[in-house]
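Raw contents of input-v6.pdb, PDB, C-alpha atoms, pLDDT in the B column:
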MODEL        1
ATOM      1  CA  MET N   1      40.384 -63.010  36.089  1.00 37.00           C
ATOM      2  CA  THR N   2      39.867 -63.150  32.339  1.00 48.00           C
ATOM      3  CA  LEU N   3      40.209 -59.783  30.649  1.00 46.00           C
ATOM      4  CA  PRO N   4      37.540 -58.848  28.050  1.00 47.00           C
ATOM      5  CA  SER N   5      38.619 -59.135  24.443  1.00 56.00           C
ATOM      6  CA  ARG N   6      36.538 -56.162  23.235  1.00 60.00           C
ATOM      7  CA  ILE N   7      34.878 -53.027  24.580  1.00 56.00           C
ATOM      8  CA  ASP N   8      31.138 -52.765  23.996  1.00 60.00           C
ATOM      9  CA  GLU N   9      29.293 -49.537  23.248  1.00 64.00           C
ATOM     10  CA  PRO N  10      28.137 -47.725  26.391  1.00 59.00           C
ATOM     11  CA  SER N  11      24.546 -48.318  27.373  1.00 59.00           C
ATOM     12  CA  ALA N  12      22.051 -45.529  26.746  1.00 58.00           C
ATOM     13  CA  LEU N  13      20.999 -45.873  30.399  1.00 53.00           C
ATOM     14  CA  ASP N  14      24.506 -45.235  31.690  1.00 58.00           C
ATOM     15  CA  PRO N  15      24.270 -42.458  34.328  1.00 53.00           C
ATOM     16  CA  LEU N  16      27.371 -40.836  32.904  1.00 56.00           C
ATOM     17  CA  LEU N  17      25.676 -40.531  29.517  1.00 56.00           C
ATOM     18  CA  LEU N  18      22.544 -39.016  31.036  1.00 55.00           C
ATOM     19  CA  LEU N  19      24.330 -36.319  33.001  1.00 63.00           C
ATOM     20  CA  PRO N  20      23.608 -32.774  31.753  1.00 70.00           C
ATOM     21  CA  LEU N  21      26.544 -30.882  30.367  1.00 72.00           C
ATOM     22  CA  PRO N  22      27.993 -28.329  32.789  1.00 73.00           C
ATOM     23  CA  ALA N  23      28.202 -24.678  31.845  1.00 77.00           C
ATOM     24  CA  LYS N  24      32.000 -24.917  31.901  1.00 79.00           C
ATOM     25  CA  LEU N  25      33.568 -28.095  30.573  1.00 76.00           C
ATOM     26  CA  PRO N  26      36.348 -29.717  32.592  1.00 75.00           C
ATOM     27  CA  SER N  27      39.899 -29.891  31.358  1.00 78.00           C
ATOM     28  CA  SER N  28      41.266 -32.964  29.639  1.00 78.00           C
ATOM     29  CA  PRO N  29      42.100 -35.819  32.053  1.00 76.00           C
ATOM     30  CA  LEU N  30      45.012 -37.049  29.933  1.00 77.00           C
ATOM     31  CA  PRO N  31      47.738 -35.087  31.805  1.00 78.00           C
ATOM     32  CA  THR N  32      46.705 -36.662  35.136  1.00 78.00           C
ATOM     33  CA  LEU N  33      45.967 -40.115  33.776  1.00 74.00           C
ATOM     34  CA  GLU N  34      49.544 -41.248  33.149  1.00 79.00           C
ATOM     35  CA  PRO N  35      50.883 -40.254  36.614  1.00 78.00           C
ATOM     36  CA  LEU N  36      47.844 -41.905  38.194  1.00 76.00           C
ATOM     37  CA  LEU N  37      48.449 -45.149  36.322  1.00 75.00           C
ATOM     38  CA  SER N  38      52.139 -45.079  37.241  1.00 79.00           C
ATOM     39  CA  ALA N  39      51.342 -44.590  40.915  1.00 76.00           C
ATOM     40  CA  LEU N  40      48.718 -47.331  40.798  1.00 72.00           C
ATOM     41  CA  GLU N  41      51.123 -49.747  39.113  1.00 76.00           C
ATOM     42  CA  GLU N  42      53.817 -48.948  41.669  1.00 76.00           C
ATOM     43  CA  ARG N  43      51.320 -49.492  44.461  1.00 72.00           C
ATOM     44  CA  LEU N  44      50.230 -52.849  43.079  1.00 71.00           C
ATOM     45  CA  ASN N  45      53.825 -54.028  42.601  1.00 74.00           C
ATOM     46  CA  GLN N  46      54.702 -53.447  46.242  1.00 71.00           C
ATOM     47  CA  PRO N  47      54.701 -56.718  48.210  1.00 65.00           C
ATOM     48  CA  GLY N  48      52.064 -57.082  50.841  1.00 61.00           C
ATOM     49  CA  THR N  49      49.868 -54.307  49.433  1.00 59.00           C
ATOM     50  CA  SER N  50      46.417 -54.280  50.984  1.00 60.00           C
ATOM     51  CA  ALA N  51      43.207 -53.105  49.342  1.00 59.00           C
ATOM     52  CA  ASP N  52      42.694 -50.379  51.924  1.00 60.00           C
ATOM     53  CA  GLY N  53      44.860 -47.831  50.135  1.00 62.00           C
ATOM     54  CA  LEU N  54      43.242 -48.425  46.770  1.00 67.00           C
ATOM     55  CA  ALA N  55      40.177 -46.331  47.642  1.00 69.00           C
ATOM     56  CA  ILE N  56      42.097 -43.138  46.876  1.00 72.00           C
ATOM     57  CA  PHE N  57      43.140 -44.459  43.478  1.00 70.00           C
ATOM     58  CA  THR N  58      39.567 -45.578  42.816  1.00 74.00           C
ATOM     59  CA  ALA N  59      38.244 -42.096  43.594  1.00 75.00           C
ATOM     60  CA  HIS N  60      40.815 -40.529  41.283  1.00 75.00           C
ATOM     61  CA  MET N  61      39.944 -43.018  38.540  1.00 78.00           C
ATOM     62  CA  ARG N  62      36.249 -42.206  38.906  1.00 78.00           C
ATOM     63  CA  GLN N  63      37.024 -38.499  38.685  1.00 80.00           C
ATOM     64  CA  VAL N  64      39.091 -39.045  35.545  1.00 79.00           C
ATOM     65  CA  THR N  65      36.346 -41.231  34.053  1.00 80.00           C
ATOM     66  CA  ARG N  66      33.669 -38.644  34.816  1.00 80.00           C
ATOM     67  CA  ARG N  67      35.694 -35.840  33.235  1.00 80.00           C
ATOM     68  CA  ALA N  68      36.402 -37.960  30.171  1.00 80.00           C
ATOM     69  CA  GLN N  69      32.739 -38.941  29.831  1.00 80.00           C
ATOM     70  CA  THR N  70      31.635 -35.315  30.193  1.00 80.00           C
ATOM     71  CA  LEU N  71      33.989 -34.274  27.410  1.00 82.00           C
ATOM     72  CA  LEU N  72      32.770 -37.195  25.305  1.00 81.00           C
ATOM     73  CA  ASN N  73      29.140 -36.164  25.812  1.00 81.00           C
ATOM     74  CA  ALA N  74      30.027 -32.595  24.865  1.00 82.00           C
ATOM     75  CA  SER N  75      31.716 -33.883  21.718  1.00 83.00           C
ATOM     76  CA  ARG N  76      28.636 -35.926  20.825  1.00 83.00           C
ATOM     77  CA  VAL N  77      26.346 -32.939  21.352  1.00 82.00           C
ATOM     78  CA  GLY N  78      28.636 -30.753  19.276  1.00 84.00           C
ATOM     79  CA  ALA N  79      28.754 -33.372  16.533  1.00 86.00           C
ATOM     80  CA  ALA N  80      24.944 -33.635  16.496  1.00 84.00           C
ATOM     81  CA  GLU N  81      24.564 -29.848  16.305  1.00 87.00           C
ATOM     82  CA  ALA N  82      27.184 -29.660  13.568  1.00 89.00           C
ATOM     83  CA  ARG N  83      25.363 -32.410  11.662  1.00 89.00           C
ATOM     84  CA  GLU N  84      22.066 -30.510  11.903  1.00 90.00           C
ATOM     85  CA  THR N  85      23.777 -27.326  10.758  1.00 91.00           C
ATOM     86  CA  LEU N  86      25.378 -29.199   7.878  1.00 92.00           C
ATOM     87  CA  ASP N  87      22.019 -30.649   6.813  1.00 91.00           C
ATOM     88  CA  ARG N  88      20.394 -27.213   6.954  1.00 92.00           C
ATOM     89  CA  VAL N  89      23.218 -25.628   4.990  1.00 93.00           C
ATOM     90  CA  ASP N  90      23.051 -28.472   2.471  1.00 92.00           C
ATOM     91  CA  VAL N  91      19.345 -27.796   1.899  1.00 92.00           C
ATOM     92  CA  ASP N  92      20.042 -24.077   1.481  1.00 93.00           C
ATOM     93  CA  LEU N  93      22.885 -24.871  -0.901  1.00 93.00           C
ATOM     94  CA  ARG N  94      20.639 -27.071  -3.026  1.00 93.00           C
ATOM     95  CA  GLY N  95      18.100 -24.249  -3.207  1.00 93.00           C
ATOM     96  CA  VAL N  96      20.788 -21.770  -4.228  1.00 94.00           C
ATOM     97  CA  GLU N  97      22.114 -24.169  -6.866  1.00 93.00           C
ATOM     98  CA  TYR N  98      18.593 -24.630  -8.236  1.00 94.00           C
ATOM     99  CA  GLU N  99      18.076 -20.868  -8.464  1.00 94.00           C
ATOM    100  CA  ARG N 100      21.533 -20.504 -10.023  1.00 93.00           C
ATOM    101  CA  ASP N 101      20.663 -23.046 -12.723  1.00 93.00           C
ATOM    102  CA  ARG N 102      17.371 -21.263 -13.395  1.00 93.00           C
ATOM    103  CA  ILE N 103      19.140 -17.923 -13.709  1.00 94.00           C
ATOM    104  CA  ARG N 104      21.721 -19.445 -16.043  1.00 93.00           C
ATOM    105  CA  GLU N 105      18.934 -20.838 -18.213  1.00 93.00           C
ATOM    106  CA  GLU N 106      17.252 -17.439 -18.369  1.00 91.00           C
ATOM    107  CA  ILE N 107      20.574 -15.769 -19.176  1.00 91.00           C
ATOM    108  CA  ALA N 108      21.153 -18.298 -21.971  1.00 90.00           C
ATOM    109  CA  LYS N 109      17.678 -17.572 -23.363  1.00 87.00           C
ATOM    110  CA  CYS N 110      18.359 -13.854 -23.259  1.00 83.00           C
ATOM    111  CA  GLU N 111      21.708 -14.324 -24.984  1.00 82.00           C
ATOM    112  CA  ASP N 112      20.129 -16.503 -27.689  1.00 84.00           C
ATOM    113  CA  TYR N 113      17.248 -14.077 -28.225  1.00 75.00           C
ATOM    114  CA  GLU N 114      17.228 -12.433 -31.616  1.00 72.00           C
ATOM    115  CA  ALA N 115      15.332  -9.188 -31.782  1.00 63.00           C
ATOM    116  CA  ALA N 116      12.705  -9.100 -34.510  1.00 60.00           C
ATOM    117  CA  TYR N 117      13.362  -5.478 -35.354  1.00 58.00           C
ATOM    118  CA  THR N 118      16.783  -6.346 -36.778  1.00 56.00           C
ATOM    119  CA  ASP N 119      15.038  -8.015 -39.734  1.00 54.00           C
ATOM    120  CA  ILE N 120      12.441  -5.262 -40.245  1.00 52.00           C
ATOM    121  CA  GLN N 121      13.005  -2.403 -42.611  1.00 56.00           C
ATOM    122  CA  VAL N 122      11.893   0.762 -40.856  1.00 53.00           C
ATOM    123  CA  ASP N 123      11.583   4.290 -42.128  1.00 56.00           C
ATOM    124  CA  ASP N 124      10.683   7.618 -40.619  1.00 56.00           C
ATOM    125  CA  SER N 125       7.474   8.160 -42.585  1.00 62.00           C
ATOM    126  CA  PHE N 126       5.378   7.675 -39.455  1.00 62.00           C
ATOM    127  CA  VAL N 127       7.396  10.161 -37.394  1.00 62.00           C
ATOM    128  CA  PRO N 128       5.546  13.468 -36.853  1.00 57.00           C
ATOM    129  CA  ASP N 129       7.114  16.619 -38.184  1.00 54.00           C
ATOM    130  CA  SER N 130       7.711  17.868 -34.671  1.00 46.00           C
ATOM    131  CA  GLU N 131       9.710  14.764 -33.850  1.00 57.00           C
ATOM    132  CA  THR N 132      13.433  15.350 -34.023  1.00 68.00           C
ATOM    133  CA  LEU N 133      15.644  12.383 -34.785  1.00 70.00           C
ATOM    134  CA  PRO N 134      19.416  12.106 -34.792  1.00 74.00           C
ATOM    135  CA  ALA N 135      21.254  12.144 -38.057  1.00 74.00           C
ATOM    136  CA  PRO N 136      20.775   8.970 -40.125  1.00 72.00           C
ATOM    137  CA  ASP N 137      24.479   8.186 -39.869  1.00 76.00           C
ATOM    138  CA  SER N 138      24.386   8.427 -36.067  1.00 76.00           C
ATOM    139  CA  ASP N 139      24.720   5.290 -33.934  1.00 76.00           C
ATOM    140  CA  SER N 140      21.566   6.178 -32.024  1.00 77.00           C
ATOM    141  CA  TYR N 141      19.452   6.797 -35.147  1.00 76.00           C
ATOM    142  CA  ASP N 142      18.084   3.239 -35.400  1.00 75.00           C
ATOM    143  CA  TYR N 143      17.194   3.108 -31.710  1.00 79.00           C
ATOM    144  CA  ALA N 144      15.553   6.541 -31.800  1.00 79.00           C
ATOM    145  CA  LEU N 145      13.601   5.495 -34.894  1.00 76.00           C
ATOM    146  CA  ILE N 146      12.384   2.316 -33.209  1.00 78.00           C
ATOM    147  CA  ILE N 147      11.342   4.249 -30.090  1.00 81.00           C
ATOM    148  CA  ALA N 148       9.479   6.781 -32.232  1.00 79.00           C
ATOM    149  CA  ARG N 149       7.705   3.981 -34.066  1.00 79.00           C
ATOM    150  CA  LEU N 150       6.726   2.302 -30.793  1.00 81.00           C
ATOM    151  CA  GLN N 151       5.411   5.599 -29.462  1.00 82.00           C
ATOM    152  CA  ASN N 152       3.408   6.077 -32.652  1.00 79.00           C
ATOM    153  CA  GLU N 153       1.997   2.558 -32.345  1.00 81.00           C
ATOM    154  CA  LEU N 154       1.118   3.272 -28.717  1.00 85.00           C
ATOM    155  CA  LEU N 155      -0.803   6.383 -29.735  1.00 84.00           C
ATOM    156  CA  GLU N 156      -2.689   4.402 -32.376  1.00 85.00           C
ATOM    157  CA  ILE N 157      -3.498   1.686 -29.847  1.00 88.00           C
ATOM    158  CA  GLU N 158      -4.753   4.281 -27.366  1.00 90.00           C
ATOM    159  CA  LYS N 159      -6.942   5.850 -30.062  1.00 89.00           C
ATOM    160  CA  ARG N 160      -8.406   2.476 -30.973  1.00 90.00           C
ATOM    161  CA  GLU N 161      -8.978   1.618 -27.329  1.00 91.00           C
ATOM    162  CA  ALA N 162     -10.782   4.948 -26.883  1.00 91.00           C
ATOM    163  CA  ALA N 163     -12.912   4.195 -29.961  1.00 91.00           C
ATOM    164  CA  ILE N 164     -13.681   0.717 -28.622  1.00 92.00           C
ATOM    165  CA  ALA N 165     -14.640   2.202 -25.257  1.00 91.00           C
ATOM    166  CA  SER N 166     -16.944   4.706 -26.987  1.00 91.00           C
ATOM    167  CA  LEU N 167     -18.555   1.987 -29.097  1.00 92.00           C
ATOM    168  CA  THR N 168     -18.950  -0.199 -26.030  1.00 90.00           C
ATOM    169  CA  LYS N 169     -20.654   2.662 -24.210  1.00 90.00           C
ATOM    170  CA  ASP N 170     -22.998   3.236 -27.176  1.00 90.00           C
ATOM    171  CA  ARG N 171     -23.735  -0.488 -27.345  1.00 90.00           C
ATOM    172  CA  ASP N 172     -24.552  -0.595 -23.644  1.00 89.00           C
ATOM    173  CA  GLY N 173     -26.831   2.423 -24.120  1.00 89.00           C
ATOM    174  CA  ILE N 174     -28.644   0.741 -27.012  1.00 90.00           C
ATOM    175  CA  ILE N 175     -29.047  -2.466 -25.000  1.00 89.00           C
ATOM    176  CA  GLN N 176     -30.462  -0.482 -22.092  1.00 89.00           C
ATOM    177  CA  SER N 177     -32.826   1.364 -24.449  1.00 88.00           C
ATOM    178  CA  LYS N 178     -34.038  -1.948 -25.871  1.00 88.00           C
ATOM    179  CA  LYS N 179     -34.663  -3.205 -22.347  1.00 87.00           C
ATOM    180  CA  ASP N 180     -36.638  -0.048 -21.521  1.00 86.00           C
ATOM    181  CA  ILE N 181     -38.681  -0.345 -24.729  1.00 87.00           C
ATOM    182  CA  LYS N 182     -39.404  -4.009 -24.025  1.00 86.00           C
ATOM    183  CA  ARG N 183     -40.458  -3.195 -20.473  1.00 85.00           C
ATOM    184  CA  LYS N 184     -42.799  -0.448 -21.733  1.00 84.00           C
ATOM    185  CA  PHE N 185     -44.119  -2.775 -24.426  1.00 84.00           C
ATOM    186  CA  ASP N 186     -44.857  -5.454 -21.840  1.00 82.00           C
ATOM    187  CA  THR N 187     -46.642  -2.875 -19.690  1.00 82.00           C
ATOM    188  CA  SER N 188     -48.676  -1.679 -22.689  1.00 81.00           C
ATOM    189  CA  ASP N 189     -49.478  -5.262 -23.639  1.00 79.00           C
ATOM    190  CA  VAL N 190     -50.827  -5.927 -20.161  1.00 80.00           C
ATOM    191  CA  TYR N 191     -52.831  -2.697 -20.284  1.00 80.00           C
ATOM    192  CA  LEU N 192     -54.268  -3.537 -23.708  1.00 80.00           C
ATOM    193  CA  GLY N 193     -55.136  -7.031 -22.519  1.00 79.00           C
ATOM    194  CA  ASP N 194     -57.031  -5.637 -19.538  1.00 77.00           C
ATOM    195  CA  PHE N 195     -58.726  -3.094 -21.787  1.00 77.00           C
ATOM    196  CA  ALA N 196     -59.780  -5.834 -24.207  1.00 78.00           C
ATOM    197  CA  LYS N 197     -61.255  -7.885 -21.365  1.00 79.00           C
ATOM    198  CA  THR N 198     -63.147  -4.856 -20.044  1.00 79.00           C
ATOM    199  CA  ALA N 199     -64.440  -3.959 -23.524  1.00 76.00           C
ATOM    200  CA  ALA N 200     -65.581  -7.545 -24.109  1.00 77.00           C
ATOM    201  CA  ALA N 201     -67.435  -7.560 -20.799  1.00 77.00           C
ATOM    202  CA  MET N 202     -69.133  -4.243 -21.572  1.00 78.00           C
ATOM    203  CA  SER N 203     -70.059  -5.439 -25.060  1.00 76.00           C
ATOM    204  CA  SER N 204     -71.621  -8.572 -23.589  1.00 76.00           C
ATOM    205  CA  LYS N 205     -73.685  -6.531 -21.161  1.00 75.00           C
ATOM    206  CA  VAL N 206     -74.828  -4.176 -23.928  1.00 73.00           C
ATOM    207  CA  MET N 207     -75.936  -7.125 -26.034  1.00 75.00           C
ATOM    208  CA  ASP N 208     -77.809  -8.602 -23.079  1.00 72.00           C
ATOM    209  CA  VAL N 209     -79.614  -5.307 -22.514  1.00 71.00           C
ATOM    210  CA  ALA N 210     -80.476  -5.044 -26.210  1.00 71.00           C
ATOM    211  CA  LYS N 211     -81.924  -8.555 -26.231  1.00 70.00           C
ATOM    212  CA  GLY N 212     -84.030  -7.753 -23.164  1.00 65.00           C
ATOM    213  CA  ASN N 213     -85.632  -4.800 -24.855  1.00 58.00           C
TER     214      ASN N 213
ENDMDL
END
Write the structure described by the file as C-alpha coordinates, please.
Amino acid sequence: MTLPSRIDEPSALDPLLLLPLPAKLPSSPLPTLEPLLSALEERLNQPGTSADGLAIFTAHMRQVTRRAQTLLNASRVGAAEARETLDRVDVDLRGVEYERDRIREEIAKCEDYEAAYTDIQVDDSFVPDSETLPAPDSDSYDYALIIARLQNELLEIEKREAAIASLTKDRDGIIQSKKDIKRKFDTSDVYLGDFAKTAAAMSSKVMDVAKGN
(Lines of atoms letter the chains of each structure in order from A and count residues from 1; the text may use other names and numbers.)
(Lines give C-alpha, C1' and ligand atoms only; values in the text may rest on other atoms or scores of the structure.)
Protein backbone atom coordinates (compact mmCIF):
# COMPACT_ATOMS: atom_id res chain seq x y z
CA MET A 1 0.00 0.00 0.00
CA THR A 2 1.32 3.42 -0.94
CA LEU A 3 1.39 5.86 1.95
CA PRO A 4 0.06 9.40 1.29
CA SER A 5 2.69 12.07 0.88
CA ARG A 6 0.62 14.84 2.52
CA ILE A 7 -2.31 15.27 4.89
CA ASP A 8 -5.26 17.22 3.52
CA GLU A 9 -7.41 19.59 5.56
CA PRO A 10 -10.35 17.84 7.24
CA SER A 11 -13.64 18.09 5.41
CA ALA A 12 -16.27 20.44 6.81
CA LEU A 13 -18.72 17.52 6.67
CA ASP A 14 -16.55 15.32 8.87
CA PRO A 15 -18.77 13.99 11.71
CA LEU A 16 -15.99 14.63 14.19
CA LEU A 17 -15.96 18.31 13.23
CA LEU A 18 -19.73 18.60 13.57
CA LEU A 19 -19.92 17.10 17.04
CA PRO A 20 -21.00 19.59 19.74
CA LEU A 21 -18.46 20.34 22.40
CA PRO A 22 -19.10 18.52 25.68
CA ALA A 23 -19.57 20.44 28.90
CA LYS A 24 -16.33 18.94 30.23
CA LEU A 25 -13.47 18.51 27.78
CA PRO A 26 -11.58 15.21 27.77
CA SER A 27 -7.99 14.95 28.85
CA SER A 28 -5.15 14.97 26.35
CA PRO A 29 -4.71 11.64 24.51
CA LEU A 30 -0.94 12.04 24.24
CA PRO A 31 -0.08 10.04 27.41
CA THR A 32 -2.01 7.00 26.12
CA LEU A 33 -0.99 7.35 22.49
CA GLU A 34 2.63 6.23 22.81
CA PRO A 35 1.88 3.03 24.81
CA LEU A 36 -0.90 2.23 22.36
CA LEU A 37 1.41 2.60 19.37
CA SER A 38 4.07 0.48 21.08
CA ALA A 39 1.58 -2.29 21.79
CA LEU A 40 0.24 -2.11 18.25
CA GLU A 41 3.74 -2.29 16.77
CA GLU A 42 4.60 -5.24 18.99
CA ARG A 43 1.39 -6.95 17.95
CA LEU A 44 2.09 -6.43 14.26
CA ASN A 45 5.67 -7.69 14.57
CA GLN A 46 4.58 -11.01 16.04
CA PRO A 47 4.64 -13.78 13.42
CA GLY A 48 1.33 -15.24 12.45
CA THR A 49 -0.69 -12.32 13.84
CA SER A 50 -4.30 -12.42 12.72
CA ALA A 51 -6.59 -9.44 12.21
CA ASP A 52 -9.00 -10.63 14.88
CA GLY A 53 -7.12 -9.04 17.76
CA LEU A 54 -6.77 -5.70 16.02
CA ALA A 55 -10.35 -4.68 16.81
CA ILE A 56 -9.33 -3.68 20.34
CA PHE A 57 -6.51 -1.51 19.02
CA THR A 58 -8.88 0.01 16.46
CA ALA A 59 -11.37 0.93 19.19
CA HIS A 60 -8.62 2.52 21.26
CA MET A 61 -7.37 4.43 18.22
CA ARG A 62 -10.88 5.72 17.52
CA GLN A 63 -11.21 6.82 21.13
CA VAL A 64 -7.89 8.64 20.96
CA THR A 65 -8.87 10.24 17.64
CA ARG A 66 -12.22 11.37 19.02
CA ARG A 67 -10.63 12.92 22.10
CA ALA A 68 -8.01 14.66 19.98
CA GLN A 69 -10.64 15.98 17.56
CA THR A 70 -12.80 17.23 20.44
CA LEU A 71 -9.86 19.14 21.87
CA LEU A 72 -9.06 20.49 18.41
CA ASN A 73 -12.65 21.69 17.95
CA ALA A 74 -12.52 23.34 21.37
CA SER A 75 -9.28 25.07 20.38
CA ARG A 76 -10.86 26.31 17.15
CA VAL A 77 -13.90 27.64 19.00
CA GLY A 78 -11.68 29.33 21.56
CA ALA A 79 -9.55 30.84 18.80
CA ALA A 80 -12.66 32.18 17.02
CA GLU A 81 -14.01 33.70 20.24
CA ALA A 82 -10.61 35.20 21.03
CA ARG A 83 -10.46 36.64 17.50
CA GLU A 84 -13.90 38.24 17.92
CA THR A 85 -12.88 39.64 21.29
CA LEU A 86 -9.67 40.98 19.78
CA ASP A 87 -11.57 42.66 16.95
CA ARG A 88 -14.01 44.24 19.41
CA VAL A 89 -11.21 45.44 21.66
CA ASP A 90 -9.37 46.79 18.62
CA VAL A 91 -12.42 48.85 17.64
CA ASP A 92 -12.73 50.16 21.20
CA LEU A 93 -9.03 50.95 21.25
CA ARG A 94 -9.29 52.92 18.01
CA GLY A 95 -12.17 54.91 19.50
CA VAL A 96 -10.18 55.62 22.65
CA GLU A 97 -7.16 56.68 20.59
CA TYR A 98 -9.35 59.01 18.53
CA GLU A 99 -10.79 60.60 21.68
CA ARG A 100 -7.28 60.83 23.15
CA ASP A 101 -6.03 62.69 20.07
CA ARG A 102 -9.01 65.04 20.23
CA ILE A 103 -8.37 65.75 23.90
CA ARG A 104 -4.69 66.36 23.19
CA GLU A 105 -5.63 68.83 20.46
CA GLU A 106 -7.97 70.66 22.82
CA ILE A 107 -5.30 70.70 25.53
CA ALA A 108 -2.79 72.12 23.03
CA LYS A 109 -5.29 74.84 22.06
CA CYS A 110 -5.86 75.69 25.70
CA GLU A 111 -2.12 75.83 26.34
CA ASP A 112 -1.57 78.07 23.30
CA TYR A 113 -4.46 80.37 24.24
CA GLU A 114 -3.41 83.87 25.16
CA ALA A 115 -5.88 85.74 27.29
CA ALA A 116 -6.87 89.11 25.86
CA TYR A 117 -7.00 90.77 29.25
CA THR A 118 -3.22 90.50 29.62
CA ASP A 119 -2.84 93.18 26.93
CA ILE A 120 -5.60 95.46 28.27
CA GLN A 121 -4.89 98.24 30.69
CA VAL A 122 -7.55 98.12 33.38
CA ASP A 123 -8.27 100.48 36.22
CA ASP A 124 -10.70 100.56 39.10
CA SER A 125 -12.65 103.62 37.97
CA PHE A 126 -15.70 101.48 37.20
CA VAL A 127 -15.68 99.75 40.59
CA PRO A 128 -18.45 101.00 42.90
CA ASP A 129 -17.45 102.61 46.16
CA SER A 130 -18.92 99.72 48.09
CA GLU A 131 -16.70 97.28 46.24
CA THR A 132 -13.67 96.27 48.24
CA LEU A 133 -10.59 95.18 46.34
CA PRO A 134 -7.34 93.73 47.61
CA ALA A 135 -4.32 95.93 47.86
CA PRO A 136 -2.84 96.89 44.47
CA ASP A 137 0.38 95.07 45.30
CA SER A 138 -1.50 91.86 46.10
CA ASP A 139 -1.27 88.87 43.76
CA SER A 140 -5.06 88.62 43.60
CA TYR A 141 -5.59 92.32 42.79
CA ASP A 142 -5.57 91.90 38.99
CA TYR A 143 -7.97 88.95 39.12
CA ALA A 144 -10.31 90.73 41.53
CA LEU A 145 -10.23 93.81 39.30
CA ILE A 146 -11.09 91.75 36.22
CA ILE A 147 -13.96 90.03 38.05
CA ALA A 148 -15.29 93.39 39.22
CA ARG A 149 -15.12 94.74 35.69
CA LEU A 150 -16.94 91.69 34.31
CA GLN A 151 -19.62 92.06 36.97
CA ASN A 152 -19.99 95.73 36.07
CA GLU A 153 -20.28 94.85 32.38
CA LEU A 154 -22.88 92.22 33.26
CA LEU A 155 -24.95 94.81 35.12
CA GLU A 156 -24.74 97.17 32.15
CA ILE A 157 -25.78 94.38 29.79
CA GLU A 158 -28.73 93.50 32.02
CA LYS A 159 -29.79 97.15 32.11
CA ARG A 160 -29.62 97.40 28.33
CA GLU A 161 -31.51 94.14 27.92
CA ALA A 162 -34.20 95.48 30.26
CA ALA A 163 -34.37 98.70 28.22
CA ILE A 164 -34.60 96.69 25.00
CA ALA A 165 -37.38 94.57 26.50
CA SER A 166 -39.26 97.73 27.54
CA LEU A 167 -38.85 99.29 24.10
CA THR A 168 -39.94 96.04 22.47
CA LYS A 169 -43.04 95.99 24.65
CA ASP A 170 -43.83 99.62 23.74
CA ARG A 171 -43.27 98.84 20.06
CA ASP A 172 -45.62 95.86 20.24
CA GLY A 173 -48.20 98.08 21.96
CA ILE A 174 -47.91 100.72 19.24
CA ILE A 175 -48.22 98.08 16.52
CA GLN A 176 -51.32 96.69 18.21
CA SER A 177 -52.77 100.20 18.53
CA LYS A 178 -52.17 100.82 14.83
CA LYS A 179 -53.93 97.56 14.02
CA ASP A 180 -56.90 98.57 16.20
CA ILE A 181 -57.06 102.02 14.58
CA LYS A 182 -56.91 100.49 11.11
CA ARG A 183 -59.66 98.03 11.99
CA LYS A 184 -61.85 100.86 13.32
CA PHE A 185 -61.05 102.95 10.25
CA ASP A 186 -62.06 100.10 7.96
CA THR A 187 -65.30 99.69 9.91
CA SER A 188 -65.99 103.44 9.68
CA ASP A 189 -65.18 103.41 5.98
CA VAL A 190 -67.70 100.64 5.40
CA TYR A 191 -70.28 102.52 7.48
CA LEU A 192 -69.68 105.76 5.58
CA GLY A 193 -69.92 103.92 2.28
CA ASP A 194 -73.28 102.45 3.26
CA PHE A 195 -74.43 105.84 4.49
CA ALA A 196 -73.40 107.46 1.21
CA LYS A 197 -75.33 104.85 -0.77
CA THR A 198 -78.42 105.36 1.41
CA ALA A 199 -78.18 109.16 1.13
CA ALA A 200 -77.81 108.93 -2.66
CA ALA A 201 -80.88 106.71 -2.88
CA MET A 202 -82.92 109.07 -0.71
CA SER A 203 -81.76 112.07 -2.73
CA SER A 204 -82.82 110.34 -5.94
CA LYS A 205 -86.26 109.62 -4.54
CA VAL A 206 -86.65 113.22 -3.33
CA MET A 207 -85.75 114.51 -6.78
CA ASP A 208 -88.24 112.13 -8.38
CA VAL A 209 -90.98 113.35 -6.05
CA ALA A 210 -90.10 116.98 -6.76
CA LYS A 211 -90.27 116.40 -10.51
CA GLY A 212 -93.67 114.74 -10.14
CA ASN A 213 -95.12 117.75 -8.41
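The spacing separating CA of Tyr141 (chain N) from CA of Glu114 (chain N) amounts to 19.7 Å.
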| field | For CA of Arg100 (chain N) and CA of Glu84 (chain N), the interatomic separation in Å (one decimal) | value | 24.1 Å
| remark: One decimal place gives the CA of Leu30 (chain N)-CA of Ala68 (chain N) separation as 8.7 Å
